[in-house]
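Text of my_file.csv, listed as CSV, C-alpha atoms:
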```csv
chain,number,residue,atom,x,y,z
A,1,MET,CA,-10.9,-22.2,16.1
A,2,ASN,CA,-9.8,-25.5,17.5
A,3,GLU,CA,-7.9,-26.0,14.3
A,4,VAL,CA,-6.6,-22.5,14.1
A,5,VAL,CA,-5.3,-22.2,17.7
A,6,GLY,CA,-1.9,-23.9,17.9
A,7,ARG,CA,-1.4,-23.9,14.2
A,8,ASP,CA,-1.6,-20.2,13.1
A,9,ASP,CA,-0.4,-16.9,14.6
A,10,LEU,CA,-3.2,-14.7,15.8
A,11,LEU,CA,-3.9,-10.9,15.5
A,12,LEU,CA,-6.5,-8.9,17.3
A,13,LEU,CA,-6.6,-5.4,16.0
A,14,THR,CA,-9.0,-3.0,17.6
A,15,LEU,CA,-9.6,0.2,15.7
A,16,ASP,CA,-10.5,2.2,18.9
A,17,THR,CA,-13.6,4.4,18.6
A,18,LEU,CA,-14.2,3.6,14.9
A,19,ARG,CA,-17.8,4.3,13.8
A,20,TYR,CA,-19.6,1.6,11.7
A,21,ASP,CA,-21.1,4.2,9.3
A,22,VAL,CA,-17.8,5.8,8.6
A,23,ALA,CA,-16.0,2.5,8.0
A,24,VAL,CA,-18.7,1.3,5.6
A,25,GLU,CA,-18.8,4.6,3.7
A,26,LEU,CA,-15.0,4.6,3.1
A,27,ALA,CA,-14.9,1.0,2.1
A,28,ALA,CA,-17.7,1.5,-0.4
A,29,ALA,CA,-16.0,4.6,-1.8
A,30,GLY,CA,-12.7,2.8,-2.4
A,31,ARG,CA,-11.0,4.9,0.2
A,32,LEU,CA,-9.7,1.9,2.2
A,33,PRO,CA,-7.9,-0.1,-0.5
A,34,ASN,CA,-5.6,-2.1,1.8
A,35,LEU,CA,-8.2,-3.0,4.4
A,36,ALA,CA,-11.0,-3.7,1.9
A,37,ALA,CA,-8.7,-6.1,0.0
A,38,HIS,CA,-9.0,-8.4,3.0
A,39,LEU,CA,-12.6,-7.9,4.1
A,40,PRO,CA,-14.8,-10.7,2.8
A,41,GLY,CA,-16.7,-9.2,-0.1
A,42,GLY,CA,-14.9,-6.0,0.5
A,43,THR,CA,-17.4,-5.0,3.2
A,44,TRP,CA,-17.5,-4.7,7.0
A,45,GLU,CA,-19.9,-6.9,9.1
A,46,ARG,CA,-22.3,-4.9,11.3
A,47,ARG,CA,-22.0,-5.9,14.9
A,48,HIS,CA,-22.9,-4.7,18.4
A,49,ALA,CA,-20.1,-3.8,20.7
A,50,PRO,CA,-19.8,-5.6,24.1
A,51,GLY,CA,-19.2,-2.2,25.8
A,52,ASN,CA,-19.6,1.5,25.1
A,53,PHE,CA,-16.1,2.6,26.0
A,54,THR,CA,-12.6,1.1,25.7
A,55,TYR,CA,-12.1,-0.4,29.2
A,56,ALA,CA,-15.4,-2.2,29.4
A,57,SER,CA,-15.3,-3.4,25.8
A,58,HIS,CA,-11.8,-4.8,26.0
A,59,GLN,CA,-12.4,-6.6,29.3
A,60,ALA,CA,-15.3,-8.3,27.6
A,61,MET,CA,-13.3,-9.2,24.4
A,62,PHE,CA,-10.4,-10.6,26.4
A,63,ALA,CA,-13.0,-12.8,28.2
A,64,GLY,CA,-14.1,-14.1,24.7
A,65,PHE,CA,-17.0,-11.8,24.1
A,66,LEU,CA,-16.2,-10.2,20.7
A,67,PRO,CA,-18.7,-7.9,19.1
A,68,THR,CA,-21.9,-9.7,18.5
A,69,PRO,CA,-23.5,-10.0,15.0
A,70,ALA,CA,-26.3,-7.4,14.8
A,71,SER,CA,-29.1,-9.8,14.1
A,72,PRO,CA,-31.4,-11.7,16.4
A,73,GLY,CA,-30.5,-15.3,17.5
A,74,GLN,CA,-27.8,-17.2,19.1
A,75,HIS,CA,-24.4,-16.6,17.6
A,76,PRO,CA,-21.6,-19.1,18.3
A,77,ARG,CA,-18.4,-17.5,19.5
A,78,LEU,CA,-14.9,-18.0,18.3
A,79,PHE,CA,-13.5,-18.1,21.8
A,80,ALA,CA,-15.1,-18.8,25.2
A,81,ALA,CA,-14.1,-19.5,28.8
A,82,ARG,CA,-15.5,-22.8,30.0
A,83,PHE,CA,-18.7,-21.8,31.6
A,84,ALA,CA,-21.7,-24.0,32.5
A,85,GLY,CA,-24.8,-23.2,30.6
A,86,SER,CA,-23.1,-21.0,27.9
A,87,GLU,CA,-25.5,-20.9,24.9
A,88,THR,CA,-22.9,-19.4,22.5
A,89,THR,CA,-20.2,-22.0,23.0
A,90,ALA,CA,-20.3,-24.4,20.1
A,91,GLY,CA,-18.2,-27.4,18.9
A,92,ARG,CA,-15.9,-25.2,16.9
A,93,THR,CA,-15.4,-22.6,19.7
A,94,PHE,CA,-11.9,-22.6,21.3
A,95,VAL,CA,-12.7,-23.1,24.9
A,96,PHE,CA,-10.1,-22.0,27.6
A,97,ASP,CA,-10.0,-22.8,31.3
A,98,THR,CA,-8.3,-19.6,32.4
A,99,PRO,CA,-10.1,-16.4,33.3
A,100,ASP,CA,-9.3,-14.7,30.0
A,101,LEU,CA,-8.3,-15.5,26.4
A,102,VAL,CA,-4.8,-14.1,26.7
A,103,SER,CA,-3.8,-16.5,29.4
A,104,GLY,CA,-5.7,-19.2,27.7
A,105,LEU,CA,-3.5,-18.8,24.6
A,106,ALA,CA,-0.4,-18.5,26.7
A,107,ALA,CA,-1.3,-21.9,28.2
A,108,ARG,CA,-1.3,-23.3,24.6
A,109,GLY,CA,2.2,-22.0,24.0
A,110,TYR,CA,1.5,-18.6,22.5
A,111,ARG,CA,3.7,-15.6,23.1
A,112,THR,CA,1.2,-12.9,24.1
A,113,VAL,CA,2.1,-9.4,23.2
A,114,CYS,CA,0.2,-6.1,23.7
A,115,VAL,CA,0.9,-3.0,21.7
A,116,GLY,CA,-1.1,-0.3,23.5
A,117,GLY,CA,-2.7,2.8,22.2
A,118,VAL,CA,-5.3,4.8,24.2
A,119,GLY,CA,-4.8,5.7,27.8
A,120,PHE,CA,-6.2,2.4,29.2
A,121,PHE,CA,-3.0,0.8,27.9
A,122,ASN,CA,-0.4,3.4,28.9
A,123,LYS,CA,0.8,1.7,32.1
A,124,GLN,CA,1.2,5.1,33.7
A,125,GLY,CA,-1.1,4.4,36.6
A,126,ALA,CA,-2.9,1.4,38.2
A,127,LEU,CA,-5.9,1.5,35.9
A,128,GLY,CA,-3.7,1.9,32.8
A,129,ASP,CA,-1.8,-1.3,33.8
A,130,VAL,CA,-4.8,-3.6,34.2
A,131,LEU,CA,-5.2,-4.7,30.6
A,132,PRO,CA,-1.5,-4.7,29.6
A,133,ARG,CA,-0.8,-7.0,32.6
A,134,LEU,CA,-2.8,-9.8,31.0
A,135,PHE,CA,0.0,-10.2,28.5
A,136,GLN,CA,3.5,-11.7,28.8
A,137,GLU,CA,4.9,-8.7,27.1
A,138,SER,CA,3.4,-5.2,26.7
A,139,HIS,CA,4.5,-2.0,25.0
A,140,TRP,CA,3.4,1.6,25.2
A,141,GLU,CA,5.2,4.8,24.3
A,142,PRO,CA,3.9,8.4,24.0
A,143,GLU,CA,4.4,8.0,20.3
A,144,PHE,CA,1.6,5.4,20.4
A,145,SER,CA,-1.0,7.7,22.0
A,146,VAL,CA,-4.0,9.6,20.8
A,147,ALA,CA,-2.0,12.8,20.8
A,148,SER,CA,0.5,11.6,18.2
A,149,PRO,CA,-0.2,12.3,14.5
A,150,THR,CA,2.1,9.3,13.7
A,151,SER,CA,0.8,6.9,16.3
A,152,PHE,CA,-0.1,4.0,14.0
A,153,GLU,CA,3.2,4.1,12.2
A,154,ALA,CA,5.0,3.9,15.6
A,155,GLN,CA,2.8,1.0,16.7
A,156,VAL,CA,3.4,-0.9,13.5
A,157,ALA,CA,7.2,-0.5,13.9
A,158,GLN,CA,6.9,-2.0,17.4
A,159,ALA,CA,4.9,-4.9,16.0
A,160,GLU,CA,7.5,-5.5,13.3
A,161,LYS,CA,10.3,-5.5,15.9
A,162,THR,CA,8.3,-8.0,18.0
A,163,VAL,CA,7.8,-10.4,15.1
A,164,ALA,CA,11.4,-10.1,14.0
A,165,GLU,CA,12.7,-11.0,17.5
A,166,LEU,CA,10.6,-14.1,17.9
A,167,PRO,CA,12.0,-17.6,17.3
A,168,SER,CA,10.5,-19.0,14.1
A,169,HIS,CA,8.8,-21.9,15.9
A,170,GLN,CA,7.1,-19.6,18.5
A,171,ARG,CA,3.4,-19.0,18.0
A,172,LEU,CA,2.3,-15.3,18.5
A,173,PHE,CA,-0.9,-13.7,19.7
A,174,LEU,CA,-0.5,-10.0,19.0
A,175,PHE,CA,-3.0,-7.5,20.2
A,176,LEU,CA,-2.8,-3.9,18.9
A,177,ASN,CA,-5.0,-1.1,20.0
A,178,VAL,CA,-5.1,1.6,17.3
A,179,SER,CA,-5.4,5.0,18.9
A,180,ALA,CA,-5.5,7.1,15.7
A,181,LEU,CA,-9.3,7.2,15.4
A,182,HIS,CA,-9.9,8.5,18.9
A,183,GLN,CA,-10.1,12.2,19.5
A,184,PRO,CA,-8.1,14.3,18.9
A,185,ASN,CA,-8.0,13.3,15.2
A,186,TRP,CA,-8.3,16.7,13.5
A,187,PHE,CA,-4.6,16.6,12.5
A,188,HIS,CA,-5.2,13.7,10.1
A,189,GLN,CA,-7.2,16.0,7.7
A,190,PRO,CA,-5.2,18.5,5.7
A,191,GLY,CA,-6.3,22.0,6.5
A,192,ALA,CA,-8.0,21.1,9.8
A,193,THR,CA,-7.0,23.0,12.9
A,194,ARG,CA,-7.2,22.4,16.6
A,195,GLU,CA,-9.7,25.2,16.8
A,196,THR,CA,-12.1,23.6,14.3
A,197,GLY,CA,-11.8,20.3,16.2
A,198,ASP,CA,-12.8,16.8,15.4
A,199,ASN,CA,-15.8,15.6,13.3
A,200,ARG,CA,-16.9,12.7,11.1
A,201,ALA,CA,-14.6,14.0,8.3
A,202,THR,CA,-11.5,14.0,10.5
A,203,HIS,CA,-12.5,10.6,11.9
A,204,ALA,CA,-12.7,9.4,8.3
A,205,ALA,CA,-9.3,10.9,7.5
A,206,ALA,CA,-7.8,9.1,10.5
A,207,LEU,CA,-9.1,5.8,9.2
A,208,GLU,CA,-7.5,6.5,5.8
A,209,TYR,CA,-4.3,7.2,7.6
A,210,VAL,CA,-4.5,3.8,9.3
A,211,ASP,CA,-5.2,2.1,5.9
A,212,ARG,CA,-2.1,3.6,4.4
A,213,HIS,CA,0.1,1.8,6.9
A,214,ILE,CA,-1.8,-1.3,7.7
A,215,GLY,CA,-0.2,-3.3,4.9
A,216,ARG,CA,3.1,-3.3,6.9
A,217,LEU,CA,1.3,-4.8,9.9
A,218,PHE,CA,-0.4,-7.5,7.8
A,219,ALA,CA,2.9,-8.3,6.1
A,220,ALA,CA,4.7,-8.7,9.4
A,221,MET,CA,2.1,-10.9,10.9
A,222,SER,CA,2.1,-13.2,7.9
A,223,SER,CA,5.8,-13.3,7.4
A,224,ARG,CA,6.4,-16.5,9.4
A,225,ARG,CA,3.2,-18.5,8.9
A,226,ARG,CA,-0.5,-18.0,8.3
A,227,CYS,CA,-2.2,-15.6,10.6
A,228,PHE,CA,-5.8,-15.4,11.7
A,229,ALA,CA,-6.8,-11.8,12.0
A,230,ILE,CA,-9.7,-10.2,13.8
A,231,VAL,CA,-10.1,-6.5,12.9
A,232,CYS,CA,-12.9,-4.6,14.7
A,233,SER,CA,-13.9,-1.5,16.6
A,234,ASP,CA,-14.5,-1.7,20.4
A,235,HIS,CA,-17.1,1.0,20.2
A,236,GLY,CA,-18.1,4.0,18.1
A,237,THR,CA,-18.3,7.7,19.1
A,238,ALA,CA,-20.8,10.5,18.6
A,239,TYR,CA,-20.1,13.8,16.8
A,240,GLY,CA,-23.3,15.7,17.6
A,241,ASP,CA,-25.6,12.7,16.8
A,242,ASP,CA,-29.0,13.6,18.4
A,243,GLY,CA,-27.1,16.1,20.6
A,244,TYR,CA,-24.5,13.6,21.9
A,245,THR,CA,-20.8,13.9,21.7
A,246,GLY,CA,-18.2,11.2,22.6
A,247,HIS,CA,-18.9,7.7,23.9
A,248,ARG,CA,-19.6,5.9,27.2
A,249,LEU,CA,-23.3,6.5,26.3
A,250,GLY,CA,-26.1,4.4,24.9
A,251,HIS,CA,-26.5,5.8,21.3
A,252,ASP,CA,-26.6,3.5,18.2
A,253,CYS,CA,-23.5,5.2,16.8
A,254,VAL,CA,-21.6,4.0,19.8
A,255,TRP,CA,-23.1,0.5,20.1
A,256,THR,CA,-22.8,-0.4,16.4
A,257,VAL,CA,-19.3,-1.3,15.2
A,258,PRO,CA,-17.5,-2.7,12.1
A,259,TYR,CA,-16.1,-6.2,12.4
A,260,SER,CA,-14.2,-8.7,10.2
A,261,HIS,CA,-12.0,-11.7,10.5
A,262,PHE,CA,-9.9,-13.4,7.9
A,263,PHE,CA,-6.7,-15.3,7.2
A,264,LEU,CA,-3.5,-13.6,6.2
A,265,GLU,CA,-1.7,-16.1,4.1
A,266,PRO,CA,2.1,-16.4,4.6
A,267,THR,CA,4.3,-14.3,2.4
A,268,VAL,CA,7.2,-16.9,2.4
```
Structure encoded using structure tokens:
Amino acid sequence: MNEVVGRDDLLLLTLDTLRYDVAVELAAAGRLPNLAAHLPGGTWERRHAPGNFTYASHQAMFAGFLPTPASPGQHPRLFAARFAGSETTAGRTFVFDTPDLVSGLAARGYRTVCVGGVGFFNKQGALGDVLPRLFQESHWEPEFSVASPTSFEAQVAQAEKTVAELPSHQRLFLFLNVSALHQPNWFHQPGATRETGDNRATHAAALEYVDRHIGRLFAAMSSRRRCFAIVCSDHGTAYGDDGYTGHRLGHDCVWTVPYSHFFLEPTV
């Protein structure tokens, strides 16, 4: 990452609430053609989330604690704050001296931009402003929210606008929190109704919706130079698993998340 930072643009895309099992099933079935084309080997990596709901998980990720590989052992991190005794900071880790990765990248000359999604990014109250305030520039509109059936398209349009307005020499760190997977998601499945509610099938339909539009985001982020992209979930969610519903709880379907990182090669 010490070679990447300062050379490439950076994208952190969190597919909020996405379950690992659903992501894997859809990739294996060929239902995520645009995402799978970039996943190494066409598959997701199984990891453990650093938190079991959005606020906790993103606070950890912005401190450099991305989802951890789901296997025993020490796993060197891509990013880490300088911290005495850290056992996961390696020679290839990008180490920053600020309290969080966002300001650490800003100190290296990056323009840091947040495109919010779920309520913790809506800037409508003190709590909803904590995470966006880490960034030099942040955006949230009702059209980006969990209640919008076209949320991801609106978020991508904002990302495209951000990229288009940047000077060509300016490095960019774009964070985008995808809200489409979060409940309510029933409106992404044809024939579903508010009364029937959300389930694994509507969750899967929401991921297919994201896949249909993600090519625009990847194209924008690679339109100026190579981009290093991290795509992952911040936590999963339960749909009746062992009697549980939702997240902010300690079930495996919440703690286990899909993860991938890869380069988006420039399109010019």
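If you look at CA of Val113 in chain A and CA of Leu166 in chain A, they are 11.1 Å away from each other.
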Who sits within 7 Å of Cys232 in chain A, all atoms listed in the file, same chain under 3 positions skipped, as a count of residues only: 6
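Residue nearest Asn177 in chain A within the list A:Ser151, A:Thr88, A:Thr68, A:Thr202: A:Ser151 [criterion: smallest interatomic distance, only C-alpha atoms].
The shell of residues at most 10 Å from Gly240 in chain A, with all atoms listed in the file counted and near chain neighbours (fewer than 6 positions) removed, consists of Asn199, Arg200 and Gly246 of chain A.
Minimum atom-to-atom distance to Ser148 in chain A, evaluated using only C-alpha atoms, belongs to A:His188 out of A:Arg226, A:His261, A:His188, A:His203.
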Spatial neighbours of Pro149 in chain A, 9 Å, all atoms listed in the file, chain gap at least 3 places, as a ChimeraX atom specification: /A:143,145-146,152,180,185,187-188
Identify, on the basis of only C-alpha atoms, every residue whose closest approach to Cys227 in chain A does not exceed 6 Å; exclude the query and any residue fewer than 5 positions from it along the same chain; express the result as a ChimeraX atom specification. /A:8-10,222,263-264
Only C-alpha atoms, please: the residues just picked out, written as a JSON list (two decimals), in the coordinates of the input.
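Now in result22.json:
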```json
[["chain", "number", "residue", "atom", "x", "y", "z"],
["A", 8, "ASP", "CA", -1.60, -20.20, 13.10],
["A", 9, "ASP", "CA", -0.40, -16.90, 14.60],
["A", 10, "LEU", "CA", -3.20, -14.70, 15.80],
["A", 222, "SER", "CA", 2.10, -13.20, 7.90],
["A", 263, "PHE", "CA", -6.70, -15.30, 7.20],
["A", 264, "LEU", "CA", -3.50, -13.60, 6.20]]
```
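The shell of residues at most 7 Å from range 153-157 of chain A, with all atoms listed in the file counted and near chain neighbours (fewer than 5 positions) removed, consists of Val115, Glu143, Phe144, His213 and Leu217 of chain A.
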Separating CA of Asp21 in chain A from CA of Thr237 in chain A, to the nearest tenth of an Å, is a gap of 10.8 Å
In terms of the shortest atom-to-atom distance over all atoms listed in the file, which of A:His58, A:His247, A:Arg19, A:Arg31 is closest to Tyr209 in chain A? A:Arg31
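Between CA of Ile214 in chain A and CA of Ala147 in chain A lies a distance of 19.2 Å.
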Mind listing as a PyMOL selection string all residues within 10 Å of (-16.1, 3.4, 4.7), counting all atoms listed in the file? chain A and resi 19-32+36+43-44+204+207-208+258
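Remark: for Val130 in chain A, the closest of the candidate residues A:Leu66, A:Ala81, A:Ala56, A:Ala107 is A:Ala56 (distances computed over all atoms listed in the file).
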Could you check which residues have any atom within 9 Å of (3.6, -15.9, 1.4), counting all atoms listed in the file with coordinates taken straight from the file, and then list them as a ChimeraX atom specification? /A:219,222-226,264-268
Each residue of range 12-65 of chain A lying at most 12 Å from range 134-140 of chain A should get a row with its shortest atom-to-atom pair and the distance in Å to one decimal, counting all atoms listed in the file; could you produce that, ordered by chain and increasing number, as CSV?
```
residue,atom,partner,partner_atom,distance
A:His58,CA,A:Leu134,CA,11.4
A:Gln59,CA,A:Leu134,CA,10.3
A:Phe62,CA,A:Leu134,CA,8.9
A:Ala63,CA,A:Leu134,CA,11.0
```
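Closest to Phe79 in chain A among A:Asn2, A:Gly191, A:Pro50, A:Tyr110 is A:Asn2, based on all atoms listed in the file.
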